[in-house]
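To be precise, the following lines are run03.cif, and they hold mmCIF, C-alpha atoms.
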data_query
#
loop_
_atom_site.label_atom_id
_atom_site.label_comp_id
_atom_site.auth_asym_id
_atom_site.auth_seq_id
_atom_site.Cartn_x
_atom_site.Cartn_y
_atom_site.Cartn_z
CA MET A 1 0.00 0.00 0.00
CA LYS A 2 1.24 3.49 -0.76
CA GLU A 3 2.74 5.55 2.07
CA LYS A 4 0.38 8.43 1.27
CA GLU A 5 -2.66 6.19 1.79
CA MET A 6 -1.23 4.64 4.94
CA SER A 7 -0.51 8.09 6.37
CA LYS A 8 -4.27 8.68 6.46
CA LEU A 9 -4.38 6.15 9.30
CA SER A 10 -2.76 7.23 12.52
CA ALA A 11 0.47 5.51 13.58
CA LYS A 12 -1.35 4.05 16.60
CA ALA A 13 -4.15 2.70 14.39
CA ILE A 14 -1.62 1.04 12.08
CA GLU A 15 0.15 -0.49 15.06
CA GLU A 16 -3.13 -1.90 16.41
CA VAL A 17 -4.12 -3.29 13.00
CA GLN A 18 -0.71 -4.95 12.67
CA LYS A 19 -1.20 -6.62 16.07
CA ILE A 20 -4.47 -8.11 14.88
CA ARG A 21 -3.04 -9.16 11.51
CA HIS A 22 -0.15 -11.00 13.15
CA GLY A 23 -2.26 -12.97 15.60
CA PHE A 24 -3.10 -12.82 19.24
CA GLN A 25 -0.65 -12.42 22.09
CA MET A 26 -0.19 -14.90 24.91
CA GLY A 27 -2.90 -14.54 27.51
CA SER A 28 -5.31 -12.99 25.05
CA ARG A 29 -7.91 -15.74 25.40
CA VAL A 30 -10.91 -15.48 27.65
CA GLY A 31 -13.49 -18.18 28.22
CA VAL A 32 -17.17 -17.50 27.68
CA THR A 33 -17.87 -18.31 31.33
CA GLN A 34 -15.20 -15.84 32.52
CA LEU A 35 -16.93 -12.96 30.75
CA GLY A 36 -19.77 -13.00 33.25
CA ARG A 37 -17.82 -14.10 36.32
CA SER A 38 -14.93 -11.64 36.40
CA THR A 39 -13.82 -8.27 35.16
CA LYS A 40 -10.13 -9.08 34.74
CA TRP A 41 -10.68 -9.63 31.05
CA ARG A 42 -11.57 -5.91 30.70
CA GLU A 43 -8.14 -4.90 31.98
CA ASP A 44 -6.53 -7.43 29.65
CA LEU A 45 -8.53 -6.07 26.72
CA ASP A 46 -7.35 -2.54 27.48
CA ARG A 47 -3.76 -3.77 27.60
CA LEU A 48 -3.88 -6.14 24.60
CA ALA A 49 -6.35 -4.29 22.32
CA ALA A 50 -7.92 -7.58 21.15
CA MET A 51 -8.96 -10.83 22.78
CA GLU A 52 -10.23 -14.14 21.62
CA VAL A 53 -13.42 -15.44 23.26
CA VAL A 54 -13.32 -19.24 23.45
CA ASP A 55 -15.74 -21.95 24.42
CA ARG A 56 -14.19 -25.40 24.86
CA ASN A 57 -11.04 -24.20 23.03
CA GLU A 58 -13.07 -23.10 20.02
CA THR A 59 -13.05 -19.44 19.01
CA LYS A 60 -16.52 -17.98 19.35
CA ALA A 61 -15.81 -14.25 19.07
CA ILE A 62 -13.13 -11.60 18.97
CA LEU A 63 -13.28 -8.65 21.36
CA LEU A 64 -11.74 -5.40 20.15
CA LYS A 65 -11.21 -2.09 21.88
CA PRO A 66 -13.35 0.58 20.19
CA GLU A 67 -10.24 2.35 18.84
CA VAL A 68 -8.96 -0.89 17.34
CA TYR A 69 -12.35 -1.61 15.80
CA GLN A 70 -12.36 1.86 14.20
CA ALA A 71 -8.80 1.36 12.93
CA MET A 72 -9.81 -1.98 11.40
CA ILE A 73 -12.79 -0.35 9.66
CA GLU A 74 -10.58 2.41 8.26
CA TYR A 75 -7.95 -0.12 7.16
CA MET A 76 -10.54 -2.31 5.42
CA SER A 77 -12.07 0.73 3.71
CA LEU A 78 -8.65 1.76 2.47
CA LEU A 79 -8.02 -1.76 1.15
CA GLU A 80 -11.42 -1.80 -0.56
CA ARG A 81 -10.72 1.50 -2.31
CA LYS A 82 -7.31 0.21 -3.41
CA LYS A 83 -8.92 -2.98 -4.71
CA GLU A 84 -11.45 -0.96 -6.73
CA GLU A 85 -8.65 1.18 -8.20
CA LEU A 86 -6.71 -1.93 -9.22
CA GLU A 87 -9.80 -3.50 -10.79
CA VAL A 88 -10.32 -0.35 -12.89
CA GLU A 89 -6.66 -0.45 -13.97
CA ILE A 90 -6.95 -4.11 -14.94
CA GLU A 91 -10.17 -3.51 -16.85
CA THR A 92 -8.63 -0.56 -18.68
CA ALA A 93 -5.58 -2.63 -19.60
CA GLU A 94 -7.79 -5.47 -20.88
CA VAL A 95 -9.84 -3.08 -23.00
CA GLU A 96 -6.69 -1.50 -24.39
CA GLN A 97 -5.32 -4.94 -25.16
CA LEU A 98 -8.50 -5.98 -26.94
CA TYR A 99 -9.19 -2.75 -28.79
CA GLY A 100 -5.85 -0.95 -28.68
CA TYR A 101 -4.87 -1.50 -32.27
CA ARG A 102 -8.21 -0.04 -33.39
CA LEU A 103 -7.95 3.00 -31.15
CA LYS A 104 -4.52 3.87 -32.54
CA ARG A 105 -5.82 4.10 -36.09
CA LYS A 106 -6.99 7.41 -37.47
CA GLU A 107 -10.48 8.32 -36.37
CA ALA A 108 -11.71 8.48 -39.96
CA GLU A 109 -10.68 4.85 -40.48
CA TYR A 110 -12.24 3.80 -37.21
CA VAL A 111 -15.69 5.34 -37.65
CA ARG A 112 -18.05 2.88 -39.27
CA GLY A 113 -21.76 2.45 -39.31
CA GLY A 114 -24.50 -0.05 -39.98
CA LYS A 115 -23.54 -3.31 -41.66
CA GLU A 116 -19.78 -2.56 -41.66
CA ALA A 117 -19.77 -2.00 -37.88
CA ALA A 118 -21.72 -5.22 -37.26
CA GLU A 119 -19.40 -7.27 -39.49
CA ASP A 120 -16.36 -5.72 -37.81
CA ALA A 121 -17.71 -6.58 -34.34
CA VAL A 122 -18.42 -10.20 -35.33
CA ALA A 123 -14.94 -10.55 -36.85
CA LEU A 124 -13.34 -9.15 -33.71
CA PHE A 125 -15.33 -11.54 -31.51
CA LEU A 126 -14.47 -14.55 -33.66
CA SER A 127 -10.78 -13.62 -33.65
CA ASN A 128 -10.53 -14.18 -29.89
CA PRO A 129 -13.81 -15.45 -28.39
CA GLU A 130 -12.44 -16.51 -24.98
CA LYS A 131 -11.43 -12.93 -24.17
CA PHE A 132 -15.02 -11.80 -24.73
CA ARG A 133 -16.69 -14.88 -23.30
CA SER A 134 -14.97 -14.90 -19.88
CA PRO A 135 -16.56 -11.64 -18.61
CA LEU A 136 -19.93 -12.81 -19.87
CA ASP A 137 -19.55 -16.19 -18.16
CA ASP A 138 -18.40 -14.38 -15.00
CA ASP A 139 -14.96 -16.00 -15.12
CA LYS A 140 -12.20 -14.00 -13.52
#

Exercise: express the given structure as structure tokens:
Amino acid sequence: MKEKEMSKLSAKAIEEVQKIRHGFQMGSRVGVTQLGRSTKWREDLDRLAAMEVVDRNETKAILLKPEVYQAMIEYMSLLERKKEELEVEIETAEVEQLYGYRLKRKEAEYVRGGKEAAEDAVALFLSNPEKFRSPLDDDK
């Protein structure tokens, strides 16, 4: 991810997100029964930023401090925007690859109408049908 985009998140938020991404620390598990019986887990949550809630050694939930939750939301939003940008770049590159040679010709040569345009489109499709078929078949 670009430094400019990462700078939008605070240094503390990035640190907290990295903790979550790299797994939980020792002592960061709390049993379901302990949640109602004690308050020690609250102190641990403040110290650790995230805790795993387990029931019979099976993860049932993840507890996050509100700041960490907000940092995760911001981080995921940033990743989603980056993903959308990359998808647009890929789509543009694919279109240029498919139609590039036509777009480089003089506009007067490129402009066609009626029957000529239809024949040209069919010829282009038949020249490489899998490139056109995969988006229609929802293949990625």

(request) Pull out every residue that the PyMOL selection byres ((chain A and resi 59-62) around 12) matches in the shown coordinates and put them as an NGL selection string. (result) :A and (20 or 23-24 or 28-32 or 35 or 45 or 49-58 or 63-65 or 68-69)

(request) For atom CA of A:Gln70 and atom CA of A:Glu89, quote the distance in Å rounded to one decimal. (result) 28.8 Å

(request) Using all atoms listed in the file, find the one residue out of A:Ala71, A:Leu48, A:Ala118, A:Leu86 that sits nearest to A:Ala11. (result) A:Ala71

(message) From the options A:Trp41, A:Phe125, A:Tyr99, A:Tyr75, which residue's atoms come nearest to A:Ala13, counting all atoms listed in the file?
(response) A:Tyr75

(request) Record the distance separating atom CA of A:Lys131 and atom CA of A:Val88, expressed in Å with one decimal. (result) 16.9 Å

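As for atom CA of A:Glu84 and atom CA of A:Glu130, they are spaced 24.0 Å apart.
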